[in-house]
file start22.cif (mmCIF, C-alpha atoms)
data_work
loop_
_atom_site.label_atom_id
_atom_site.label_comp_id
_atom_site.auth_asym_id
_atom_site.auth_seq_id
_atom_site.Cartn_x
_atom_site.Cartn_y
_atom_site.Cartn_z
CA MET A 1 -5.09 4.80 17.49
CA LEU A 2 -4.99 1.14 16.41
CA LYS A 3 -4.82 -0.66 19.75
CA ASN A 4 -5.89 -4.32 19.55
CA LYS A 5 -6.17 -4.15 15.74
CA THR A 6 -4.33 -6.47 13.37
CA ALA A 7 -3.01 -5.19 10.05
CA VAL A 8 -1.41 -6.84 7.02
CA VAL A 9 0.88 -4.58 4.97
CA THR A 10 1.99 -5.89 1.58
CA GLY A 11 5.25 -4.47 0.30
CA GLY A 12 6.01 -3.80 3.95
CA THR A 13 9.72 -4.59 3.99
CA ARG A 14 11.02 -1.18 2.88
CA GLY A 15 10.15 2.36 1.84
CA ILE A 16 6.61 3.60 2.38
CA GLY A 17 5.44 0.11 3.36
CA PHE A 18 7.97 -0.19 6.15
CA ALA A 19 7.04 3.29 7.41
CA ILE A 20 3.39 2.17 7.54
CA VAL A 21 4.39 -0.96 9.47
CA LYS A 22 6.30 1.05 12.07
CA THR A 23 3.57 3.67 12.39
CA TYR A 24 0.94 1.01 12.94
CA LEU A 25 3.08 -0.79 15.50
CA ASP A 26 3.76 2.48 17.34
CA ASN A 27 0.00 3.00 17.50
CA GLY A 28 -0.72 -0.33 19.15
CA ALA A 29 -1.52 -2.64 16.26
CA ASN A 30 -0.31 -6.14 15.60
CA VAL A 31 1.29 -6.00 12.14
CA VAL A 32 2.00 -8.63 9.53
CA VAL A 33 4.79 -7.72 7.10
CA ALA A 34 4.17 -9.23 3.67
CA GLY A 35 7.14 -9.29 1.33
CA SER A 36 8.11 -10.84 -1.98
CA ARG A 37 10.84 -13.07 -0.53
CA GLN A 38 11.51 -14.67 2.83
CA GLU A 39 14.95 -13.05 2.90
CA THR A 40 13.58 -9.51 2.73
CA VAL A 41 10.85 -10.35 5.24
CA ASP A 42 13.44 -11.69 7.69
CA LYS A 43 15.54 -8.54 7.35
CA ALA A 44 12.51 -6.37 8.06
CA LEU A 45 11.55 -8.47 11.08
CA ALA A 46 15.10 -8.13 12.44
CA ARG A 47 14.70 -4.33 12.31
CA LEU A 48 11.40 -4.68 14.19
CA ALA A 49 12.64 -7.01 16.93
CA GLU A 50 11.76 -4.48 19.66
CA TYR A 51 8.05 -5.08 18.98
CA GLY A 52 8.31 -8.75 19.92
CA GLY A 53 5.28 -10.92 19.30
CA ARG A 54 3.20 -8.09 17.82
CA VAL A 55 4.82 -8.52 14.42
CA MET A 56 5.09 -11.49 12.05
CA GLY A 57 6.06 -12.01 8.42
CA ILE A 58 4.55 -13.75 5.39
CA CYS A 59 5.56 -13.98 1.72
CA PRO A 60 2.76 -15.53 -0.36
CA ASP A 61 2.40 -15.05 -4.11
CA LEU A 62 0.00 -12.10 -3.99
CA CYS A 63 -1.60 -13.10 -7.30
CA ASP A 64 -2.42 -16.63 -6.05
CA PRO A 65 -5.79 -16.70 -4.28
CA GLU A 66 -5.07 -19.97 -2.48
CA ALA A 67 -1.67 -18.81 -1.20
CA VAL A 68 -3.06 -15.46 -0.03
CA GLY A 69 -6.09 -17.10 1.55
CA ALA A 70 -3.90 -19.51 3.52
CA ALA A 71 -1.55 -16.73 4.62
CA PHE A 72 -4.39 -14.51 5.81
CA ALA A 73 -5.97 -17.46 7.63
CA SER A 74 -2.67 -17.90 9.50
CA VAL A 75 -2.81 -14.23 10.49
CA LYS A 76 -6.29 -14.64 11.96
CA GLU A 77 -5.21 -17.82 13.73
CA LYS A 78 -2.26 -16.06 15.38
CA PHE A 79 -3.85 -12.73 16.29
CA GLY A 80 -7.57 -13.57 16.35
CA SER A 81 -8.63 -11.14 13.62
CA LEU A 82 -7.63 -9.34 10.44
CA ASP A 83 -8.86 -5.77 10.78
CA ILE A 84 -6.77 -3.78 8.30
CA LEU A 85 -5.27 -4.64 4.92
CA VAL A 86 -2.84 -2.25 3.23
CA ASN A 87 -2.26 -3.17 -0.41
CA ASN A 88 1.07 -1.40 -0.83
CA ALA A 89 3.14 -3.83 -2.92
CA GLY A 90 3.82 -2.54 -6.40
CA VAL A 91 6.31 -2.11 -9.21
CA SER A 92 7.01 0.81 -11.53
CA SER A 93 8.50 1.29 -14.98
CA ARG A 94 9.78 4.14 -17.15
CA THR A 95 9.96 2.24 -20.45
CA SER A 96 8.97 4.13 -23.60
CA LEU A 97 5.82 2.97 -25.36
CA TYR A 98 7.94 2.15 -28.42
CA ASP A 99 9.98 -0.35 -26.39
CA TYR A 100 7.25 -1.60 -24.04
CA THR A 101 6.54 -5.32 -24.24
CA VAL A 102 3.27 -7.03 -23.40
CA ASP A 103 5.16 -9.11 -20.84
CA GLU A 104 6.44 -6.02 -19.00
CA PHE A 105 3.00 -4.41 -19.10
CA SER A 106 1.39 -7.60 -17.77
CA LYS A 107 3.86 -7.90 -14.88
CA ILE A 108 3.01 -4.37 -13.73
CA MET A 109 -0.72 -4.98 -13.99
CA ASP A 110 -0.39 -8.31 -12.15
CA LEU A 111 1.28 -6.92 -9.04
CA ASN A 112 -0.29 -3.46 -9.05
CA VAL A 113 -3.88 -4.49 -9.84
CA THR A 114 -4.50 -8.24 -9.79
CA ALA A 115 -2.72 -8.64 -6.44
CA VAL A 116 -4.81 -5.82 -4.96
CA PHE A 117 -7.97 -7.61 -6.09
CA VAL A 118 -6.80 -11.00 -4.77
CA CYS A 119 -5.74 -9.65 -1.38
CA ALA A 120 -8.85 -7.49 -1.01
CA GLN A 121 -11.07 -10.47 -1.75
CA ALA A 122 -9.31 -12.71 0.78
CA ALA A 123 -9.34 -10.03 3.47
CA ALA A 124 -12.96 -9.04 2.83
CA ARG A 125 -14.11 -12.62 3.37
CA ILE A 126 -12.53 -12.62 6.81
CA MET A 127 -13.66 -9.07 7.64
CA LYS A 128 -17.28 -9.80 6.69
CA GLU A 129 -17.39 -12.72 9.12
CA GLN A 130 -16.01 -10.62 11.96
CA GLY A 131 -18.32 -7.65 11.35
CA GLY A 132 -16.14 -5.20 9.41
CA GLY A 133 -12.67 -3.94 8.63
CA VAL A 134 -10.59 -1.56 6.55
CA ILE A 135 -8.93 -2.05 3.17
CA LEU A 136 -6.42 0.58 2.04
CA ASN A 137 -4.67 0.77 -1.32
CA THR A 138 -1.56 2.62 -2.44
CA SER A 139 -2.29 4.69 -5.52
CA SER A 140 -0.03 7.42 -6.92
CA MET A 141 -0.11 11.02 -8.06
CA VAL A 142 0.51 9.72 -11.60
CA SER A 143 -2.88 8.00 -11.51
CA ARG A 144 -4.28 11.51 -11.97
CA TYR A 145 -1.60 13.19 -14.10
CA GLY A 146 0.12 10.39 -15.99
CA GLN A 147 3.87 10.35 -16.58
CA PRO A 148 6.12 10.97 -19.60
CA ALA A 149 7.03 7.30 -20.07
CA GLY A 150 6.19 3.93 -18.57
CA CYS A 151 2.45 4.04 -19.27
CA GLY A 152 1.78 0.76 -17.46
CA TYR A 153 2.36 2.26 -14.02
CA PRO A 154 -0.11 5.17 -14.17
CA THR A 155 -2.59 2.87 -15.93
CA SER A 156 -2.34 0.39 -13.06
CA LYS A 157 -2.79 3.09 -10.43
CA PHE A 158 -5.79 4.53 -12.28
CA ALA A 159 -7.22 1.00 -12.03
CA VAL A 160 -6.47 0.96 -8.30
CA ASN A 161 -8.52 4.14 -7.91
CA GLY A 162 -11.43 2.53 -9.73
CA LEU A 163 -11.18 -0.65 -7.69
CA THR A 164 -11.07 1.41 -4.49
CA THR A 165 -14.22 3.40 -5.19
CA SER A 166 -16.09 0.35 -6.51
CA LEU A 167 -15.22 -1.86 -3.54
CA ALA A 168 -16.13 0.96 -1.16
CA ARG A 169 -19.67 0.93 -2.54
CA GLU A 170 -19.93 -2.86 -2.66
CA LEU A 171 -18.51 -3.59 0.79
CA ALA A 172 -20.11 -0.75 2.76
CA LYS A 173 -23.04 -3.00 3.67
CA ASP A 174 -20.55 -5.32 5.40
CA GLN A 175 -19.00 -2.41 7.36
CA ILE A 176 -15.78 -2.64 5.36
CA ARG A 177 -14.30 0.74 4.47
CA VAL A 178 -12.09 1.00 1.37
CA ASN A 179 -9.85 3.99 0.66
CA ALA A 180 -6.59 4.80 -1.12
CA VAL A 181 -3.63 7.10 -0.61
CA ALA A 182 -1.93 8.67 -3.65
CA PRO A 183 1.65 9.65 -2.70
CA GLY A 184 3.71 12.12 -4.65
CA VAL A 185 7.52 12.14 -4.83
CA THR A 186 8.64 10.49 -1.61
CA ALA A 187 12.11 10.05 -0.10
CA THR A 188 12.41 6.31 -0.52
CA ASP A 189 15.65 4.49 -1.43
CA MET A 190 15.21 5.40 -5.09
CA VAL A 191 14.98 9.14 -4.39
CA ALA A 192 17.76 8.95 -1.78
CA ALA A 193 20.09 7.62 -4.50
CA LEU A 194 19.54 10.65 -6.72
CA PRO A 195 22.09 13.50 -6.85
CA LYS A 196 21.26 16.42 -4.53
CA GLU A 197 20.91 18.83 -7.43
CA MET A 198 18.28 16.59 -9.00
CA VAL A 199 16.35 16.34 -5.71
CA ASP A 200 16.55 20.13 -5.37
CA ARG A 201 15.17 20.52 -8.89
CA ILE A 202 12.30 18.15 -8.13
CA SER A 203 11.56 19.93 -4.84
CA ALA A 204 11.43 23.31 -6.57
CA GLY A 205 8.45 22.11 -8.60
CA ILE A 206 6.48 21.11 -5.50
CA PRO A 207 4.47 23.95 -3.93
CA LEU A 208 5.42 22.86 -0.39
CA GLY A 209 9.08 23.03 -1.44
CA ARG A 210 10.20 19.53 -0.49
CA VAL A 211 9.75 15.88 -1.34
CA GLY A 212 7.57 13.86 0.99
CA GLN A 213 8.89 11.62 3.72
CA PRO A 214 7.64 8.03 4.08
CA GLU A 215 6.18 9.05 7.44
CA ASP A 216 4.05 11.71 5.72
CA VAL A 217 2.40 8.98 3.69
CA ALA A 218 2.23 6.54 6.60
CA ASN A 219 0.32 9.10 8.67
CA ALA A 220 -2.39 9.23 6.01
CA PHE A 221 -2.66 5.45 6.16
CA LEU A 222 -2.86 5.69 9.95
CA TYR A 223 -5.76 8.13 9.83
CA LEU A 224 -7.69 6.07 7.28
CA ALA A 225 -7.18 2.86 9.28
CA SER A 226 -8.35 4.45 12.53
CA ASP A 227 -11.80 5.08 13.94
CA GLN A 228 -11.23 8.79 13.26
CA ALA A 229 -12.03 7.96 9.61
CA SER A 230 -15.10 5.89 10.46
CA TYR A 231 -17.25 7.79 7.94
CA VAL A 232 -14.63 7.94 5.18
CA THR A 233 -14.86 5.40 2.38
CA GLY A 234 -14.30 5.51 -1.37
CA ALA A 235 -11.74 8.30 -1.04
CA VAL A 236 -8.39 8.67 -2.83
CA ILE A 237 -6.33 11.06 -0.70
CA ASN A 238 -3.42 12.94 -2.26
CA VAL A 239 -0.26 13.18 -0.17
CA ASP A 240 1.95 15.02 -2.65
CA GLY A 241 2.55 18.60 -1.53
CA ALA A 242 0.23 19.72 -4.36
CA ALA A 243 2.78 18.50 -6.92
CA MET A 244 1.98 17.78 -10.54
CA THR A 245 4.11 15.92 -13.05
#

call {"tool": "encode", "arguments": {"input": "start22.cif", "output": "structure tokens"}}
result
Amino acid sequence: MLKNKTAVVTGGTRGIGFAIVKTYLDNGANVVVAGSRQETVDKALARLAEYGGRVMGICPDLCDPEAVGAAFASVKEKFGSLDILVNNAGVSSRTSLYDYTVDEFSKIMDLNVTAVFVCAQAAARIMKEQGGGVILNTSSMVSRYGQPAGCGYPTSKFAVNGLTTSLARELAKDQIRVNAVAPGVTATDMVAALPKEMVDRISAGIPLGRVGQPEDVANAFLYLASDQASYVTGAVINVDGAAMT
């Protein structure tokens, strides 16, 4: 579905991001794994050794326009294009409002919103020159329903939804589609570390009766990146089993 396409996936070293990387590679794309540290990028690349030269790693400061611009230019130089950007890097928090600091709130907004803006801008400049592309953002079910504590995270994801729909309208004239995926509870490392009884309790509140798998979310990103979604832009697609918090 993505043959001869080149994708950059931020936060691609583990969890949902790594599942997106593998799904894209399995569907013929060249994939660039963007991580926060060279060490984590190298570990991810070691797990992807079977894909050979179709995968590379980068670790720019995602809030630094110059660093991101240079990294994305290196991607185009290596593979000849940058067709798909997945803004998946993010950080969460469960801190009570009464204990929340401005510094903690700012760190969440920086990575979850500012970095999405910076990366989208850098990618869009390249995509416009080459005649189009796809930008995909990771939102969350809590962008719609909120959560009992840690208000910075749902606030940031609500902002991602707004950025997604706004950029979809602005960039449509340049044949750049912009969409988002809003995962629900997903079996990442954090969920895997929970006691079984807690996972069972969470699952019982999800109409489909189970937590999502990273591959469930990755498949939504695959569809939106592919030509099958050529007329889809400005959408925020829930992948949450109809769960509500």

call {"tool": "closest_residue", "arguments": {"input": "start22.cif", "among": "A:Val113, A:Ala89, A:Ala243, A:Ala182", "to": "Val9 in chain A", "atoms": "all atoms listed in the file"}}
result
A:Ala89

call {"tool": "atom_distance", "arguments": {"input": "start22.cif", "atom1": "CA of Ser143 in chain A", "atom2": "CA of Val217 in chain A"}}
result
16.1 Å

call {"tool": "closest_atom_pairs", "arguments": {"input": "start22.cif", "of": "range 117-143 of chain A", "to": "range 65-70 of chain A", "cutoff": "12 Å", "atoms": "only C-alpha atoms", "output": "CSV"}}
result
residue,atom,partner,partner_atom,distance
A:Phe117,CA,A:Pro65,CA,9.5
A:Val118,CA,A:Pro65,CA,5.8
A:Cys119,CA,A:Val68,CA,6.5
A:Ala120,CA,A:Val68,CA,9.9
A:Gln121,CA,A:Pro65,CA,8.5
A:Ala122,CA,A:Gly69,CA,5.5
A:Ala123,CA,A:Gly69,CA,8.0
A:Ala124,CA,A:Gly69,CA,10.7
A:Arg125,CA,A:Gly69,CA,9.4
A:Ile126,CA,A:Gly69,CA,9.4

call {"tool": "write_last_selection", "arguments": {"input": "start22.cif", "atoms": "C-alpha atoms", "output": "tab-separated table (two decimals), in the coordinates of the input"}}
result
chain	number	residue	atom	x	y	z
A	117	PHE	CA	-7.97	-7.61	-6.09
A	118	VAL	CA	-6.80	-11.00	-4.77
A	119	CYS	CA	-5.74	-9.65	-1.38
A	120	ALA	CA	-8.85	-7.49	-1.01
A	121	GLN	CA	-11.07	-10.47	-1.75
A	122	ALA	CA	-9.31	-12.71	0.78
A	123	ALA	CA	-9.34	-10.03	3.47
A	124	ALA	CA	-12.96	-9.04	2.83
A	125	ARG	CA	-14.11	-12.62	3.37
A	126	ILE	CA	-12.53	-12.62	6.81

call {"tool": "resolve_selection", "arguments": {"input": "start22.cif", "expression": "the PyMOL selection byres ((chain A and resi 210) around 10)", "output": "VMD selection string"}}
result
chain A and resid 185 to 187 199 to 209 211 to 213 240 to 241 243

call {"tool": "closest_residue", "arguments": {"input": "start22.cif", "among": "A:Ala172, A:Val181, A:Ala149, A:Ile237", "to": "Asn137 in chain A", "atoms": "only C-alpha atoms"}}
result
A:Val181

call {"tool": "closest_residue", "arguments": {"input": "start22.cif", "among": "A:Ile16, A:Met127, A:Val232, A:Leu111", "to": "Tyr153 in chain A", "atoms": "only C-alpha atoms"}}
result
A:Leu111

call {"tool": "closest_residue", "arguments": {"input": "start22.cif", "among": "A:Ala192, A:Ala115, A:Ile84, A:Ala71", "to": "Asp227 in chain A", "atoms": "only C-alpha atoms"}}
result
A:Ile84

call {"tool": "residues_around", "arguments": {"input": "start22.cif", "residues": "Ser81 in chain A", "least_positions_apart": "4", "cutoff": "10 Å", "atoms": "all atoms listed in the file", "output": "list of chain:residue names"}}
result
A:Asn4, A:Lys5, A:Thr6, A:Ala7, A:Asn30, A:Phe72, A:Ala73, A:Ser74, A:Val75, A:Lys76, A:Glu77, A:Ile126, A:Met127, A:Glu129, A:Gln130, A:Gly133

call {"tool": "atom_distance", "arguments": {"input": "start22.cif", "atom1": "CA of Asn179 in chain A", "atom2": "CA of Ile135 in chain A"}}
result
6.6 Å

call {"tool": "atom_distance", "arguments": {"input": "start22.cif", "atom1": "CA of Met109 in chain A", "atom2": "CA of Asn161 in chain A"}}
result
13.5 Å

call {"tool": "resolve_selection", "arguments": {"input": "start22.cif", "expression": "the PyMOL selection byres ((chain A and resi 27) around 8)", "output": "list in words"}}
result
Met1, Leu2, Lys3, Thr23, Tyr24, Leu25, Asp26, Gly28 and Ala29 of chain A

call {"tool": "resolve_selection", "arguments": {"input": "start22.cif", "expression": "the PyMOL selection byres ((chain A and resi 45-49) around 12)", "output": "PDB file with C-alpha atoms, in the frame of the given file"}}
result
ATOM      1  CA  GLY A  12       6.010  -3.800   3.950  1.00  0.00           C
ATOM      2  CA  THR A  13       9.720  -4.590   3.990  1.00  0.00           C
ATOM      3  CA  ARG A  14      11.020  -1.180   2.880  1.00  0.00           C
ATOM      4  CA  PHE A  18       7.970  -0.190   6.150  1.00  0.00           C
ATOM      5  CA  ALA A  19       7.040   3.290   7.410  1.00  0.00           C
ATOM      6  CA  VAL A  21       4.390  -0.960   9.470  1.00  0.00           C
ATOM      7  CA  LYS A  22       6.300   1.050  12.070  1.00  0.00           C
ATOM      8  CA  THR A  23       3.570   3.670  12.390  1.00  0.00           C
ATOM      9  CA  TYR A  24       0.940   1.010  12.940  1.00  0.00           C
ATOM     10  CA  LEU A  25       3.080  -0.790  15.500  1.00  0.00           C
ATOM     11  CA  ASP A  26       3.760   2.480  17.340  1.00  0.00           C
ATOM     12  CA  ASN A  30      -0.310  -6.140  15.600  1.00  0.00           C
ATOM     13  CA  VAL A  31       1.290  -6.000  12.140  1.00  0.00           C
ATOM     14  CA  VAL A  32       2.000  -8.630   9.530  1.00  0.00           C
ATOM     15  CA  VAL A  33       4.790  -7.720   7.100  1.00  0.00           C
ATOM     16  CA  ALA A  34       4.170  -9.230   3.670  1.00  0.00           C
ATOM     17  CA  GLY A  35       7.140  -9.290   1.330  1.00  0.00           C
ATOM     18  CA  GLN A  38      11.510 -14.670   2.830  1.00  0.00           C
ATOM     19  CA  GLU A  39      14.950 -13.050   2.900  1.00  0.00           C
ATOM     20  CA  THR A  40      13.580  -9.510   2.730  1.00  0.00           C
ATOM     21  CA  VAL A  41      10.850 -10.350   5.240  1.00  0.00           C
ATOM     22  CA  ASP A  42      13.440 -11.690   7.690  1.00  0.00           C
ATOM     23  CA  LYS A  43      15.540  -8.540   7.350  1.00  0.00           C
ATOM     24  CA  ALA A  44      12.510  -6.370   8.060  1.00  0.00           C
ATOM     25  CA  GLU A  50      11.760  -4.480  19.660  1.00  0.00           C
ATOM     26  CA  TYR A  51       8.050  -5.080  18.980  1.00  0.00           C
ATOM     27  CA  GLY A  52       8.310  -8.750  19.920  1.00  0.00           C
ATOM     28  CA  GLY A  53       5.280 -10.920  19.300  1.00  0.00           C
ATOM     29  CA  ARG A  54       3.200  -8.090  17.820  1.00  0.00           C
ATOM     30  CA  VAL A  55       4.820  -8.520  14.420  1.00  0.00           C
ATOM     31  CA  MET A  56       5.090 -11.490  12.050  1.00  0.00           C
ATOM     32  CA  GLY A  57       6.060 -12.010   8.420  1.00  0.00           C
ATOM     33  CA  ILE A  58       4.550 -13.750   5.390  1.00  0.00           C
TER      34      ILE A  58
END

call {"tool": "residues_around", "arguments": {"input": "start22.cif", "residues": "range 144-147 of chain A", "least_positions_apart": "4", "cutoff": "9 Å", "atoms": "all atoms listed in the file", "output": "mmCIF file with C-alpha atoms, keeping the file's coordinate frame"}}
result
data_model
loop_
_atom_site.group_PDB
_atom_site.id
_atom_site.type_symbol
_atom_site.label_atom_id
_atom_site.label_comp_id
_atom_site.auth_asym_id
_atom_site.auth_seq_id
_atom_site.Cartn_x
_atom_site.Cartn_y
_atom_site.Cartn_z
ATOM 1 C CA ARG A 94 9.780 4.140 -17.150
ATOM 2 C CA SER A 140 -0.030 7.420 -6.920
ATOM 3 C CA CYS A 151 2.450 4.040 -19.270
ATOM 4 C CA TYR A 153 2.360 2.260 -14.020
ATOM 5 C CA PRO A 154 -0.110 5.170 -14.170
ATOM 6 C CA THR A 155 -2.590 2.870 -15.930
ATOM 7 C CA LYS A 157 -2.790 3.090 -10.430
ATOM 8 C CA PHE A 158 -5.790 4.530 -12.280
ATOM 9 C CA MET A 244 1.980 17.780 -10.540
ATOM 10 C CA THR A 245 4.110 15.920 -13.050
#

call {"tool": "closest_residue", "arguments": {"input": "start22.cif", "among": "A:Gln175, A:Ser36, A:Ser156, A:Ser96", "to": "Val134 in chain A", "atoms": "all atoms listed in the file"}}
result
A:Gln175

call {"tool": "closest_residue", "arguments": {"input": "start22.cif", "among": "A:Val178, A:Val142, A:Leu167, A:Leu97", "to": "Leu85 in chain A", "atoms": "only C-alpha atoms"}}
result
A:Val178

call {"tool": "residues_near_point", "arguments": {"input": "start22.cif", "point": "(-11.2, 2.1, 8.3)", "cutoff": "6 Å", "atoms": "all atoms listed in the file", "output": "list in words"}}
result
Val134, Arg177, Leu224, Ala225, Ser226 and Ser230 of chain A

call {"tool": "write_last_selection", "arguments": {"input": "start22.cif", "atoms": "C-alpha atoms", "output": "compact mmCIF listing (two decimals), keeping the file's coordinate frame"}}
result
# COMPACT_ATOMS: atom_id res chain seq x y z
CA VAL A 134 -10.59 -1.56 6.55
CA ARG A 177 -14.30 0.74 4.47
CA LEU A 224 -7.69 6.07 7.28
CA ALA A 225 -7.18 2.86 9.28
CA SER A 226 -8.35 4.45 12.53
CA SER A 230 -15.10 5.89 10.46

call {"tool": "residues_around", "arguments": {"input": "start22.cif", "residues": "Gly90 in chain A", "least_positions_apart": "4", "cutoff": "8 Å", "atoms": "all atoms listed in the file", "output": "VMD selection string"}}
result
chain A and resid 11 108 111 to 112

call {"tool": "axis_aligned_box", "arguments": {"input": "start22.cif", "around": "range 148-164 of chain A", "padding_each_side": "5 Å", "output": "JSON"}}
result
{"center_x": -2.2, "center_y": 5.2, "center_z": -12.3, "size_x": 28.5, "size_y": 21.6, "size_z": 25.6}

call {"tool": "decode", "arguments": {"input": "start22.cif", "residues": "range 213-221 of chain A", "atoms": "all heavy atoms", "output": "short mmCIF file (atom, residue, chain, number, x, y, z; two decimals), in the first residue's frame"}}
result
data_model
loop_
_atom_site.label_atom_id
_atom_site.label_comp_id
_atom_site.auth_asym_id
_atom_site.auth_seq_id
_atom_site.Cartn_x
_atom_site.Cartn_y
_atom_site.Cartn_z
N GLN A 213 -4.66 -3.16 20.46
CA GLN A 213 -3.27 -3.54 20.21
C GLN A 213 -2.60 -2.44 19.38
O GLN A 213 -3.27 -1.75 18.61
CB GLN A 213 -3.21 -4.87 19.46
CG GLN A 213 -3.75 -6.05 20.24
CD GLN A 213 -2.97 -6.29 21.51
OE1 GLN A 213 -1.74 -6.30 21.53
NE2 GLN A 213 -3.70 -6.48 22.61
N PRO A 214 -1.28 -2.26 19.54
CA PRO A 214 -0.61 -1.25 18.72
C PRO A 214 -0.89 -1.41 17.23
O PRO A 214 -1.00 -0.42 16.51
CB PRO A 214 0.88 -1.47 19.05
CG PRO A 214 0.86 -2.03 20.44
CD PRO A 214 -0.36 -2.89 20.51
N GLU A 215 -1.03 -2.65 16.78
CA GLU A 215 -1.29 -2.90 15.37
C GLU A 215 -2.66 -2.38 14.94
O GLU A 215 -2.85 -1.99 13.79
CB GLU A 215 -1.18 -4.39 15.06
CG GLU A 215 0.23 -4.95 15.18
CD GLU A 215 0.71 -5.12 16.62
OE1 GLU A 215 -0.15 -5.14 17.54
OE2 GLU A 215 1.94 -5.20 16.84
N ASP A 216 -3.63 -2.37 15.87
CA ASP A 216 -4.95 -1.81 15.56
C ASP A 216 -4.81 -0.33 15.19
O ASP A 216 -5.45 0.14 14.24
CB ASP A 216 -5.89 -1.93 16.77
CG ASP A 216 -6.23 -3.37 17.11
OD1 ASP A 216 -6.38 -4.18 16.18
OD2 ASP A 216 -6.37 -3.68 18.31
N VAL A 217 -4.00 0.37 15.95
CA VAL A 217 -3.80 1.79 15.70
C VAL A 217 -2.95 1.99 14.44
O VAL A 217 -3.24 2.86 13.60
CB VAL A 217 -3.13 2.46 16.91
CG1 VAL A 217 -2.96 3.95 16.67
CG2 VAL A 217 -3.95 2.22 18.18
N ALA A 218 -1.92 1.17 14.30
CA ALA A 218 -1.03 1.29 13.13
C ALA A 218 -1.80 1.09 11.83
O ALA A 218 -1.50 1.74 10.82
CB ALA A 218 0.11 0.29 13.23
N ASN A 219 -2.79 0.21 11.85
CA ASN A 219 -3.57 -0.03 10.63
C ASN A 219 -4.37 1.19 10.21
O ASN A 219 -4.58 1.44 9.01
CB ASN A 219 -4.49 -1.24 10.82
CG ASN A 219 -3.74 -2.55 10.77
OD1 ASN A 219 -2.67 -2.66 10.18
ND2 ASN A 219 -4.29 -3.57 11.42
N ALA A 220 -4.82 1.98 11.19
CA ALA A 220 -5.51 3.23 10.86
C ALA A 220 -4.54 4.21 10.22
O ALA A 220 -4.88 4.90 9.24
CB ALA A 220 -6.14 3.83 12.11
N PHE A 221 -3.33 4.27 10.75
CA PHE A 221 -2.31 5.14 10.15
C PHE A 221 -1.93 4.66 8.75
O PHE A 221 -1.61 5.47 7.88
CB PHE A 221 -1.07 5.18 11.05
CG PHE A 221 -1.18 6.15 12.19
CD1 PHE A 221 -1.50 5.71 13.47
CD2 PHE A 221 -0.94 7.50 11.99
CE1 PHE A 221 -1.59 6.61 14.53
CE2 PHE A 221 -1.03 8.40 13.04
CZ PHE A 221 -1.37 7.95 14.31
#
